[in-house]
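Next up, work.cif (mmCIF, C-alpha atoms):
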data_model
loop_
_atom_site.label_atom_id
_atom_site.label_comp_id
_atom_site.auth_asym_id
_atom_site.auth_seq_id
_atom_site.Cartn_x
_atom_site.Cartn_y
_atom_site.Cartn_z
CA MET A 175 -59.80 -79.17 -4.60
CA THR A 176 -56.09 -78.70 -3.96
CA ASP A 177 -54.93 -76.84 -0.84
CA GLN A 178 -52.09 -75.35 -2.87
CA LYS A 179 -52.43 -71.67 -3.71
CA LEU A 180 -50.26 -69.44 -5.87
CA ASP A 181 -50.93 -65.80 -5.05
CA THR A 182 -50.16 -63.56 -8.05
CA PRO A 183 -51.27 -60.17 -9.39
CA LEU A 184 -53.79 -62.05 -11.57
CA THR A 185 -55.49 -63.80 -8.65
CA ARG A 186 -55.63 -60.54 -6.70
CA LEU A 187 -56.98 -58.60 -9.69
CA THR A 188 -59.76 -61.01 -10.62
CA GLY A 189 -60.55 -62.68 -7.31
CA VAL A 190 -59.93 -66.23 -8.55
CA ARG A 191 -58.08 -68.82 -6.47
CA HIS A 192 -55.56 -69.98 -9.09
CA PRO A 193 -53.62 -68.08 -11.82
CA VAL A 194 -55.05 -70.27 -14.60
CA VAL A 195 -57.29 -68.89 -17.36
CA GLN A 196 -59.51 -70.77 -19.80
CA THR A 197 -59.61 -68.85 -23.06
CA GLY A 198 -62.82 -67.75 -24.80
CA MET A 199 -63.04 -70.30 -27.61
CA GLY A 200 -65.96 -69.84 -30.00
CA TRP A 201 -68.57 -72.66 -29.82
CA VAL A 202 -66.50 -74.28 -27.03
CA ALA A 203 -66.38 -71.90 -24.07
CA GLY A 204 -70.04 -72.06 -23.06
CA PRO A 205 -71.67 -72.03 -19.61
CA ARG A 206 -70.82 -75.65 -18.84
CA LEU A 207 -67.07 -75.27 -19.36
CA VAL A 208 -66.82 -71.76 -17.91
CA SER A 209 -68.65 -72.66 -14.70
CA ALA A 210 -66.56 -75.83 -14.27
CA VAL A 211 -63.36 -73.76 -14.53
CA ALA A 212 -64.73 -71.14 -12.15
CA ASN A 213 -65.76 -73.76 -9.58
CA ALA A 214 -62.26 -75.27 -9.83
CA GLY A 215 -60.70 -71.92 -8.94
CA GLY A 216 -59.61 -70.73 -12.39
CA LEU A 217 -60.85 -67.86 -14.53
CA GLY A 218 -63.36 -69.14 -17.08
CA ILE A 219 -64.03 -66.93 -20.10
CA LEU A 220 -67.37 -67.17 -21.91
CA ALA A 221 -67.05 -66.86 -25.72
CA SER A 222 -69.70 -64.45 -27.01
CA ALA A 223 -68.75 -63.81 -30.64
CA THR A 224 -71.01 -66.62 -31.88
CA MET A 225 -73.92 -65.60 -29.62
CA THR A 226 -76.75 -63.14 -30.13
CA LEU A 227 -77.34 -60.59 -27.37
CA PRO A 228 -80.22 -62.62 -25.87
CA GLN A 229 -78.12 -65.78 -26.07
CA LEU A 230 -75.27 -64.02 -24.28
CA ALA A 231 -77.60 -62.80 -21.55
CA GLY A 232 -78.92 -66.34 -21.13
CA ALA A 233 -75.40 -67.79 -21.03
CA ILE A 234 -74.31 -65.34 -18.32
CA GLU A 235 -77.37 -66.22 -16.26
CA GLU A 236 -76.68 -69.93 -16.70
CA VAL A 237 -73.07 -69.54 -15.53
CA ARG A 238 -74.36 -67.60 -12.52
CA SER A 239 -76.77 -70.43 -11.72
CA ARG A 240 -73.87 -72.89 -11.70
CA THR A 241 -71.23 -70.93 -9.76
CA ASP A 242 -70.70 -68.03 -7.37
CA ALA A 243 -67.10 -67.62 -8.50
CA PRO A 244 -65.82 -64.80 -10.77
CA PHE A 245 -65.80 -65.35 -14.54
CA GLY A 246 -65.35 -63.33 -17.70
CA VAL A 247 -66.83 -62.74 -21.15
CA ASN A 248 -64.82 -62.46 -24.35
CA LEU A 249 -65.97 -59.76 -26.78
CA ARG A 250 -65.16 -58.69 -30.33
CA ALA A 251 -64.04 -55.09 -30.13
CA ASP A 252 -64.90 -54.51 -33.80
CA ALA A 253 -68.46 -55.89 -33.59
CA SER A 254 -71.17 -53.43 -34.58
CA ASP A 255 -73.02 -54.10 -31.31
CA ALA A 256 -69.95 -53.99 -29.05
CA GLY A 257 -71.46 -51.12 -27.08
CA GLU A 258 -74.67 -53.06 -26.39
CA ARG A 259 -72.67 -56.07 -25.27
CA ILE A 260 -70.68 -53.93 -22.88
CA ASP A 261 -73.93 -52.55 -21.47
CA LEU A 262 -75.02 -56.16 -20.92
CA LEU A 263 -71.83 -57.01 -19.02
CA ILE A 264 -72.25 -53.93 -16.87
CA ARG A 265 -75.88 -54.76 -16.04
CA HIS A 266 -74.95 -58.32 -15.11
CA ARG A 267 -71.86 -57.22 -13.14
CA VAL A 268 -69.55 -59.61 -14.96
CA LYS A 269 -66.10 -59.57 -13.35
CA VAL A 270 -63.86 -59.63 -16.45
CA ALA A 271 -64.17 -58.43 -20.05
CA SER A 272 -61.60 -59.94 -22.39
CA PHE A 273 -61.04 -59.00 -26.02
CA ALA A 274 -59.59 -60.88 -28.95
CA LEU A 275 -58.52 -57.54 -30.44
CA ALA A 276 -57.51 -54.31 -28.75
CA PRO A 277 -60.69 -52.45 -27.73
CA ARG A 278 -61.06 -48.73 -28.29
CA GLN A 279 -59.94 -46.49 -25.45
CA GLU A 280 -63.49 -45.34 -24.72
CA LEU A 281 -64.68 -48.95 -24.38
CA ILE A 282 -61.96 -49.64 -21.83
CA ALA A 283 -62.96 -46.52 -19.90
CA ARG A 284 -66.66 -47.51 -19.82
CA LEU A 285 -65.87 -50.95 -18.48
CA LYS A 286 -63.40 -49.71 -15.89
CA ASP A 287 -65.84 -47.03 -14.69
CA ALA A 288 -68.27 -49.89 -14.02
CA GLY A 289 -65.66 -51.84 -12.05
CA ILE A 290 -65.08 -54.50 -14.72
CA VAL A 291 -61.55 -55.82 -15.19
CA VAL A 292 -60.38 -55.34 -18.81
CA ILE A 293 -57.98 -57.90 -20.30
CA PRO A 294 -57.24 -57.57 -24.05
CA SER A 295 -55.36 -60.30 -25.92
CA VAL A 296 -52.33 -59.23 -27.95
CA GLY A 297 -49.72 -60.83 -30.16
CA ALA A 298 -47.08 -58.09 -30.19
CA ARG A 299 -45.30 -55.86 -27.69
CA ARG A 300 -46.51 -52.64 -29.31
CA HIS A 301 -50.12 -53.74 -28.93
CA ALA A 302 -49.56 -54.47 -25.25
CA GLU A 303 -48.01 -51.03 -24.79
CA LYS A 304 -50.99 -49.40 -26.50
CA VAL A 305 -53.71 -51.04 -24.42
CA ALA A 306 -51.71 -50.53 -21.22
CA ALA A 307 -51.50 -46.81 -21.99
CA TRP A 308 -55.27 -46.80 -22.56
CA GLY A 309 -55.94 -48.22 -19.12
CA ALA A 310 -56.25 -52.00 -19.57
CA ASP A 311 -55.94 -53.81 -16.24
CA ALA A 312 -53.95 -56.75 -17.60
CA VAL A 313 -52.97 -58.21 -20.94
CA LEU A 314 -53.01 -61.75 -22.34
CA VAL A 315 -50.12 -62.39 -24.71
CA GLN A 316 -50.22 -65.40 -27.04
CA GLY A 317 -47.18 -66.79 -28.77
CA GLY A 318 -47.16 -68.63 -32.08
CA GLU A 319 -47.61 -72.06 -30.46
CA GLY A 320 -51.23 -71.20 -29.62
CA GLY A 321 -54.30 -72.35 -31.51
CA GLY A 322 -56.64 -70.26 -33.64
CA HIS A 323 -55.48 -66.90 -34.93
CA THR A 324 -51.83 -66.67 -34.04
CA GLY A 325 -48.58 -64.91 -34.83
CA ALA A 326 -45.12 -66.11 -35.72
CA VAL A 327 -43.19 -65.23 -32.54
CA ALA A 328 -42.75 -67.99 -29.96
CA THR A 329 -44.11 -67.45 -26.45
CA THR A 330 -40.61 -67.73 -24.96
CA LEU A 331 -39.55 -64.70 -27.02
CA LEU A 332 -42.76 -62.67 -26.93
CA LEU A 333 -43.56 -63.05 -23.24
CA PRO A 334 -40.39 -61.46 -21.80
CA GLN A 335 -40.71 -58.58 -24.29
CA VAL A 336 -44.20 -57.77 -23.05
CA VAL A 337 -43.36 -58.30 -19.35
CA ASP A 338 -40.51 -55.79 -19.71
CA ALA A 339 -42.62 -53.30 -21.67
CA VAL A 340 -45.71 -52.88 -19.47
CA ASP A 341 -46.40 -52.43 -15.76
CA ILE A 342 -49.70 -54.36 -15.66
CA PRO A 343 -50.14 -58.11 -15.08
CA VAL A 344 -49.28 -60.26 -18.10
CA ILE A 345 -50.99 -63.60 -18.75
CA ALA A 346 -49.00 -66.02 -20.89
CA ALA A 347 -50.72 -68.12 -23.57
CA GLY A 348 -49.50 -70.41 -26.31
CA GLY A 349 -47.90 -73.75 -25.45
CA PHE A 350 -49.17 -74.26 -21.88
CA PHE A 351 -50.75 -77.47 -20.63
CA ASP A 352 -49.22 -78.39 -17.25
CA GLY A 353 -47.67 -77.09 -14.04
CA ARG A 354 -44.15 -76.90 -15.44
CA GLY A 355 -45.41 -74.36 -17.96
CA LEU A 356 -47.11 -72.32 -15.23
CA ALA A 357 -43.89 -72.30 -13.18
CA ALA A 358 -41.89 -71.25 -16.25
CA ALA A 359 -44.34 -68.44 -17.04
CA LEU A 360 -44.13 -67.15 -13.47
CA ALA A 361 -40.33 -67.24 -13.75
CA TYR A 362 -40.56 -65.07 -16.87
CA GLY A 363 -42.56 -62.54 -14.86
CA ALA A 364 -46.07 -63.48 -15.97
CA ALA A 365 -48.95 -63.41 -13.50
CA GLY A 366 -50.51 -66.64 -14.77
CA VAL A 367 -51.19 -68.74 -17.85
CA ALA A 368 -54.11 -69.13 -20.23
CA MET A 369 -54.93 -72.42 -21.96
CA GLY A 370 -57.35 -73.22 -24.76
CA THR A 371 -56.65 -76.65 -26.25
CA ARG A 372 -56.02 -78.16 -22.81
CA PHE A 373 -59.44 -77.01 -21.54
CA LEU A 374 -61.16 -78.05 -24.77
CA LEU A 375 -59.89 -81.56 -24.04
CA THR A 376 -61.55 -82.01 -20.66
CA SER A 377 -64.59 -84.00 -19.63
CA ASP A 378 -66.40 -80.71 -18.87
CA SER A 379 -66.02 -79.48 -22.44
CA SER A 380 -69.22 -79.73 -24.49
CA VAL A 381 -67.29 -80.59 -27.66
CA PRO A 382 -68.66 -83.90 -29.05
CA ASP A 383 -66.74 -87.02 -28.04
CA ALA A 384 -65.96 -87.91 -31.66
CA VAL A 385 -64.23 -84.58 -32.11
CA LYS A 386 -62.28 -85.00 -28.87
CA ARG A 387 -61.09 -88.39 -30.11
CA THR A 388 -59.90 -86.73 -33.32
CA TYR A 389 -57.86 -84.26 -31.28
CA LEU A 390 -56.38 -87.00 -29.12
CA GLY A 391 -55.45 -89.01 -32.20
CA THR A 392 -53.85 -86.14 -34.12
CA SER A 393 -50.48 -84.62 -33.32
CA GLU A 394 -49.87 -82.35 -36.31
CA THR A 395 -51.05 -78.77 -36.56
CA VAL A 396 -50.66 -76.33 -39.42
CA VAL A 397 -50.90 -72.56 -39.74
CA THR A 398 -53.06 -71.82 -42.76
CA ARG A 399 -54.56 -68.71 -44.33
CA GLN A 400 -57.14 -70.71 -46.26
CA VAL A 401 -59.75 -70.71 -43.50
CA ASP A 402 -60.32 -66.97 -43.27
CA GLY A 403 -57.40 -65.18 -44.90
CA MET A 404 -55.41 -64.78 -41.68
CA PRO A 405 -52.85 -67.08 -40.03
CA HIS A 406 -54.89 -69.73 -38.20
CA ARG A 407 -53.39 -72.71 -36.36
CA VAL A 408 -55.60 -75.79 -36.77
CA LEU A 409 -55.30 -79.55 -36.82
CA ARG A 410 -54.05 -80.86 -40.14
CA THR A 411 -57.00 -82.83 -41.49
CA PRO A 412 -58.15 -83.91 -44.97
CA LEU A 413 -60.50 -80.90 -45.08
CA VAL A 414 -57.68 -78.48 -44.28
CA ASN A 415 -55.52 -80.12 -46.94
CA ALA A 416 -58.40 -79.65 -49.41
CA LEU A 417 -58.74 -75.98 -48.43
CA GLU A 418 -55.02 -75.52 -48.99
CA ARG A 419 -55.36 -76.93 -52.52
CA SER A 420 -58.54 -75.03 -53.44
CA ASN A 421 -58.50 -72.03 -55.78
CA GLY A 422 -59.59 -68.48 -55.02
CA LEU A 423 -63.02 -68.75 -56.63
CA SER A 424 -64.02 -71.88 -54.70
CA ARG A 425 -62.83 -70.33 -51.42
CA LEU A 426 -64.88 -67.18 -51.99
CA THR A 427 -67.93 -69.19 -53.00
CA ARG A 428 -67.66 -71.19 -49.79
CA ALA A 429 -67.18 -67.97 -47.79
CA VAL A 430 -70.34 -66.37 -49.20
CA ARG A 431 -72.31 -69.54 -48.48
CA ASN A 432 -70.96 -69.63 -44.92
CA ALA A 433 -71.75 -65.95 -44.43
CA ALA A 434 -75.38 -66.66 -45.31
CA GLY A 435 -75.40 -69.58 -42.88
CA PHE A 436 -73.91 -67.55 -40.04
CA ARG A 437 -76.42 -64.75 -40.69
CA ARG A 438 -79.26 -67.22 -40.18
CA ILE A 439 -77.77 -68.59 -36.95
CA SER A 440 -76.75 -65.24 -35.45
CA GLY A 441 -79.87 -63.34 -36.46
CA MET A 442 -77.68 -60.57 -37.88
CA SER A 443 -78.90 -58.55 -40.85
CA TRP A 444 -76.80 -58.28 -43.97
CA ALA A 445 -76.33 -54.59 -43.11
CA ALA A 446 -74.89 -55.50 -39.70
CA MET A 447 -72.60 -58.09 -41.24
CA ILE A 448 -71.38 -55.55 -43.78
CA ARG A 449 -70.72 -53.04 -40.97
CA ASP A 450 -68.72 -55.67 -39.11
CA GLY A 451 -66.85 -56.45 -42.31
CA LEU A 452 -65.97 -52.80 -42.79
CA ALA A 453 -64.73 -52.58 -39.20
CA MET A 454 -62.69 -55.76 -39.65
CA LYS A 455 -61.27 -54.54 -42.95
CA HIS A 456 -60.16 -51.28 -41.38
CA GLY A 457 -58.97 -52.69 -38.06
CA LYS A 458 -56.90 -55.51 -39.55
CA GLU A 459 -56.07 -53.90 -42.90
CA LEU A 460 -57.62 -56.78 -44.83
CA THR A 461 -58.65 -57.00 -48.45
CA TRP A 462 -62.33 -57.53 -49.28
CA SER A 463 -61.41 -61.06 -50.31
CA GLN A 464 -60.05 -61.71 -46.81
CA VAL A 465 -63.11 -60.12 -45.20
CA LEU A 466 -65.37 -62.46 -47.16
CA MET A 467 -63.22 -65.43 -46.21
CA ALA A 468 -63.57 -64.48 -42.53
CA ALA A 469 -67.14 -65.76 -42.73
CA ASN A 470 -65.65 -69.25 -42.98
CA THR A 471 -64.38 -69.25 -39.41
CA PRO A 472 -67.57 -69.49 -37.31
CA MET A 473 -69.29 -71.97 -39.62
CA LEU A 474 -66.32 -74.28 -40.16
CA LEU A 475 -65.66 -74.29 -36.41
CA LYS A 476 -69.34 -74.94 -35.68
CA ALA A 477 -69.38 -77.96 -37.99
CA ALA A 478 -66.80 -79.66 -35.77
CA MET A 479 -67.34 -78.19 -32.30
CA VAL A 480 -71.14 -78.25 -32.26
CA ASP A 481 -72.32 -80.58 -35.03
CA GLY A 482 -69.64 -83.18 -34.34
CA ARG A 483 -68.43 -83.40 -37.95
CA PRO A 484 -64.64 -83.13 -37.96
CA ASP A 485 -64.77 -84.20 -41.61
CA LEU A 486 -66.72 -81.03 -42.48
CA GLY A 487 -65.15 -78.51 -40.11
CA VAL A 488 -61.84 -77.15 -38.95
CA MET A 489 -60.46 -77.61 -35.44
CA ALA A 490 -58.40 -74.82 -33.97
CA SER A 491 -55.55 -76.26 -31.92
CA GLY A 492 -52.35 -75.30 -30.22
CA GLN A 493 -49.21 -77.32 -30.74
CA VAL A 494 -49.65 -78.80 -27.25
CA VAL A 495 -52.26 -81.17 -28.69
CA ALA A 496 -49.40 -83.57 -29.43
CA LEU A 497 -48.73 -83.82 -25.66
CA ILE A 498 -52.30 -84.39 -24.49
CA ASP A 499 -53.67 -87.91 -24.13
CA ASP A 500 -56.44 -87.66 -21.52
CA LEU A 501 -59.73 -85.92 -20.69
CA PRO A 502 -59.63 -84.86 -17.03
CA SER A 503 -62.30 -82.75 -15.40
CA CYS A 504 -61.50 -79.04 -15.04
CA GLU A 505 -61.03 -79.53 -11.30
CA GLU A 506 -58.62 -82.40 -11.85
CA LEU A 507 -56.72 -80.42 -14.48
CA ILE A 508 -56.37 -77.21 -12.48
CA ASP A 509 -55.47 -79.09 -9.29
CA ALA A 510 -52.75 -80.99 -11.15
CA VAL A 511 -51.37 -77.84 -12.82
CA VAL A 512 -51.20 -75.84 -9.59
CA THR A 513 -49.81 -78.72 -7.52
CA GLN A 514 -47.10 -79.46 -10.07
CA ALA A 515 -46.19 -75.78 -10.41
CA ALA A 516 -45.87 -75.43 -6.63
CA ASP A 517 -43.67 -78.55 -6.50
CA VAL A 518 -41.46 -77.22 -9.29
CA LEU A 519 -41.08 -73.83 -7.64
CA ARG A 520 -40.21 -75.42 -4.28
CA GLY A 521 -37.71 -77.69 -5.98
CA LEU A 522 -35.74 -74.85 -7.57
CA GLY A 523 -33.40 -74.57 -4.59
CA ALA A 524 -30.36 -73.79 -6.67
CA ASN A 525 -27.21 -73.05 -4.66
CA LEU A 526 -25.75 -69.69 -5.60
CA VAL A 527 -21.96 -69.62 -5.47
CA SER A 528 -20.22 -66.25 -5.30
#
Starting from the file, give its structure as structure tokens.
Amino acid sequence: MTDQKLDTPLTRLTGVRHPVVQTGMGWVAGPRLVSAVANAGGLGILASATMTLPQLAGAIEEVRSRTDAPFGVNLRADASDAGERIDLLIRHRVKVASFALAPRQELIARLKDAGIVVIPSVGARRHAEKVAAWGADAVLVQGGEGGGHTGAVATTLLLPQVVDAVDIPVIAAGGFFDGRGLAAALAYGAAGVAMGTRFLLTSDSSVPDAVKRTYLGTSETVVTRQVDGMPHRVLRTPLVNALERSNGLSRLTRAVRNAAGFRRISGMSWAAMIRDGLAMKHGKELTWSQVLMAANTPMLLKAAMVDGRPDLGVMASGQVVALIDDLPSCEELIDAVVTQAADVLRGLGANLVS
């Protein structure tokens, strides 16, 4: 492990050695990846949206059996059992709770009262201002270069807006893969960077090798609404092209079929899925058609990330995939990122002339 250390508000807040975060990617960020990141000095985030409560409890215990370092759990704020999941984090004394959407103010308060660091993810300055006012400890801001659900504003424009708007640590995401990016983010005023695609493409990732090879051999991403009705950056594959060409009826038919499949895997009742759909519809102002399409996401991701069938699933990806050509371990990756960032920062000895 590198002797280099970059002390930032993020490392002090979470207790990790390096200001590098692995995002909570569904079906990808399991105990194996999270513990490898934690042991390498970064902040690993366990993805819980595709887990039942017992599965989440088991995953937390497995991470604990693999590492003594701090780690986090990513939660869906609009899930019908969000309160139960928060109780679980509190009982297990998880260090960090991250959220893909802004959590309610009372959820933030419950977590903070228990000593858990709260880090929501946002894609707009106003959302960062809202969660900061509600007591969030830090905020992760993702620009349009990032994979999965994403916005249209580039990180280089969004990040400085958020840094200037809030007085809590800001974690930059979207377009990061090496130490130059970490140095640039720190120069913008961020407290660290978060990476998804780069950690997916490591030897510690449980994603099947065939799927990793597909990532390494593909450089083009596309933002499509045909997966779940919302902007979603994925690899451009024949399946995605077919989804783009499909009509509304075939998309809805596929969504209903996938909803039934996810219900079987998750153990959720139809009533619970409908409650989650209502919450999603209200929270994101979606149509019922979009809510039904949202059922596509977990099953199409599972087909690739778990079942190893890139021909049958979609692969969320940031634009940085075009710049990645290797599969280092998490320790090798984080060491390289931190070492390069430190070298870059030391090398910025510009001479100021008055």
- [ ] Find the distance between CA of Phe273 in chain A and CA of Gly318 in chain A and write it in Å to one decimal.
- [x]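 Taking CA of Phe273 in chain A and CA of Gly318 in chain A, their separation equals 17.9 Å.
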Open item on the list: Given only C-alpha atoms as the basis, pick out the residue of A:Gly289, A:Pro472, A:Pro244, A:Gly317 nearest to Met199 in chain A.
Closed with: A:Pro472
Task: Output check: residues returned by the PyMOL selection byres ((chain A and resi 311) around 10), as a ChimeraX atom specification - done: /A:184,187-188,270,282,286,290-294,305-306,308-310,312-313,341-344
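Distance-wise, CA of Asp517 in chain A and CA of Ala359 in chain A end up 14.6 Å apart.
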Task: Nearest-residue call for Gly204 in chain A, choices A:Gln316, A:Ser379, A:Thr226, A:Ser295, using only C-alpha atoms - done: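 Once distances to Gly204 in chain A are computed over only C-alpha atoms, the minimum belongs to A:Ser379.
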Task: Who sits within 9 Å of Thr330 in chain A, all atoms listed in the file, same chain under 2 positions skipped, as a list in words - done: Gly317, Val327, Ala328, Leu332, Leu333, Pro334, Ala359 and Tyr362 of chain A
- [ ] Give me the result of the PyMOL selection byres ((chain A and resi 267) around 10) on this file, residue by residue, as a PyMOL selection string.
- [x] chain A and resi 234+244+261-266+268-270+288-290
- [ ] Name all residues at most 6 Å from Asn248 in chain A (count all atoms listed in the file; drop same-chain ones fewer than 5 positions away) and give them as a ChimeraX atom specification.
- [x] /A:198,220-222,271-273
- [ ] Quick one: pull the distance between CA of Asp509 in chain A and CA of Thr388 in chain A, Å, one decimal.
- [x]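 Atom-to-atom, CA of Asp509 in chain A to CA of Thr388 in chain A, that is 25.6 Å.
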Which polymer residues, protein or nucleic acid, are no farther than 8 Å from (-53.2, -76.3, -35.9), counting only C-alpha atoms, as a JSON list (two decimals) with C-alpha atoms, in the frame of the given file?
[["chain", "number", "residue", "atom", "x", "y", "z"],
["A", 321, "GLY", "CA", -54.30, -72.35, -31.51],
["A", 322, "GLY", "CA", -56.64, -70.26, -33.64],
["A", 394, "GLU", "CA", -49.87, -82.35, -36.31],
["A", 395, "THR", "CA", -51.05, -78.77, -36.56],
["A", 396, "VAL", "CA", -50.66, -76.33, -39.42],
["A", 397, "VAL", "CA", -50.90, -72.56, -39.74],
["A", 406, "HIS", "CA", -54.89, -69.73, -38.20],
["A", 407, "ARG", "CA", -53.39, -72.71, -36.36],
["A", 408, "VAL", "CA", -55.60, -75.79, -36.77],
["A", 409, "LEU", "CA", -55.30, -79.55, -36.82],
["A", 410, "ARG", "CA", -54.05, -80.86, -40.14],
["A", 489, "MET", "CA", -60.46, -77.61, -35.44],
["A", 490, "ALA", "CA", -58.40, -74.82, -33.97],
["A", 491, "SER", "CA", -55.55, -76.26, -31.92],
["A", 492, "GLY", "CA", -52.35, -75.30, -30.22],
["A", 493, "GLN", "CA", -49.21, -77.32, -30.74]]
Could you pull out every residue with an atom within 9 Å of (-52.3, -88.1, -28.4), file coordinates, counting all atoms listed in the file, and send them as a compact mmCIF listing (two decimals) with C-alpha atoms, in the frame of the given file?
# COMPACT_ATOMS: atom_id res chain seq x y z
CA ARG A 387 -61.09 -88.39 -30.11
CA TYR A 389 -57.86 -84.26 -31.28
CA LEU A 390 -56.38 -87.00 -29.12
CA GLY A 391 -55.45 -89.01 -32.20
CA THR A 392 -53.85 -86.14 -34.12
CA SER A 393 -50.48 -84.62 -33.32
CA VAL A 495 -52.26 -81.17 -28.69
CA ALA A 496 -49.40 -83.57 -29.43
CA LEU A 497 -48.73 -83.82 -25.66
CA ILE A 498 -52.30 -84.39 -24.49
CA ASP A 499 -53.67 -87.91 -24.13
CA ASP A 500 -56.44 -87.66 -21.52
Task: Selection: 10 Å around Val190 in chain A, all atoms listed in the file, excl. self and same-chain fewer than 6 positions, as a ChimeraX atom specification - done: /A:181,184,212-218,243-245
Deliver the residues from the most recent selection as a file, using C-alpha atoms, as a short mmCIF file (atom, residue, chain, number, x, y, z; two decimals), in the frame of the given file.
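As written to disk, result.cif reads:
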data_model
loop_
_atom_site.label_atom_id
_atom_site.label_comp_id
_atom_site.auth_asym_id
_atom_site.auth_seq_id
_atom_site.Cartn_x
_atom_site.Cartn_y
_atom_site.Cartn_z
CA ASP A 181 -50.93 -65.80 -5.05
CA LEU A 184 -53.79 -62.05 -11.57
CA ALA A 212 -64.73 -71.14 -12.15
CA ASN A 213 -65.76 -73.76 -9.58
CA ALA A 214 -62.26 -75.27 -9.83
CA GLY A 215 -60.70 -71.92 -8.94
CA GLY A 216 -59.61 -70.73 -12.39
CA LEU A 217 -60.85 -67.86 -14.53
CA GLY A 218 -63.36 -69.14 -17.08
CA ALA A 243 -67.10 -67.62 -8.50
CA PRO A 244 -65.82 -64.80 -10.77
CA PHE A 245 -65.80 -65.35 -14.54
#
Open item on the list: Can you tell me which residues surround Met479 in chain A at a distance of at most 7 Å, considering all atoms listed in the file, apart from same-chain residues fewer than 3 positions away, and format the answer as a list in words?
Closed with: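 The neighbour list is Trp201, Val202, Val381, Pro382, Leu475, Lys476 and Gly482 of chain A.
Comparing A:Gly523, A:Ala256, A:Thr398, A:Leu417 by their smallest distance to Leu285 in chain A, the closest is A:Ala256 (using all atoms listed in the file).
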Open item on the list: Once the PyMOL selection byres ((chain A and resi 505) around 12) is applied to the coordinates I shared, what remains selected? I want it as a VMD selection string.
Closed with: chain A and resid 175 to 176 192 194 207 to 216 373 376 to 378 501 to 504 506 to 513
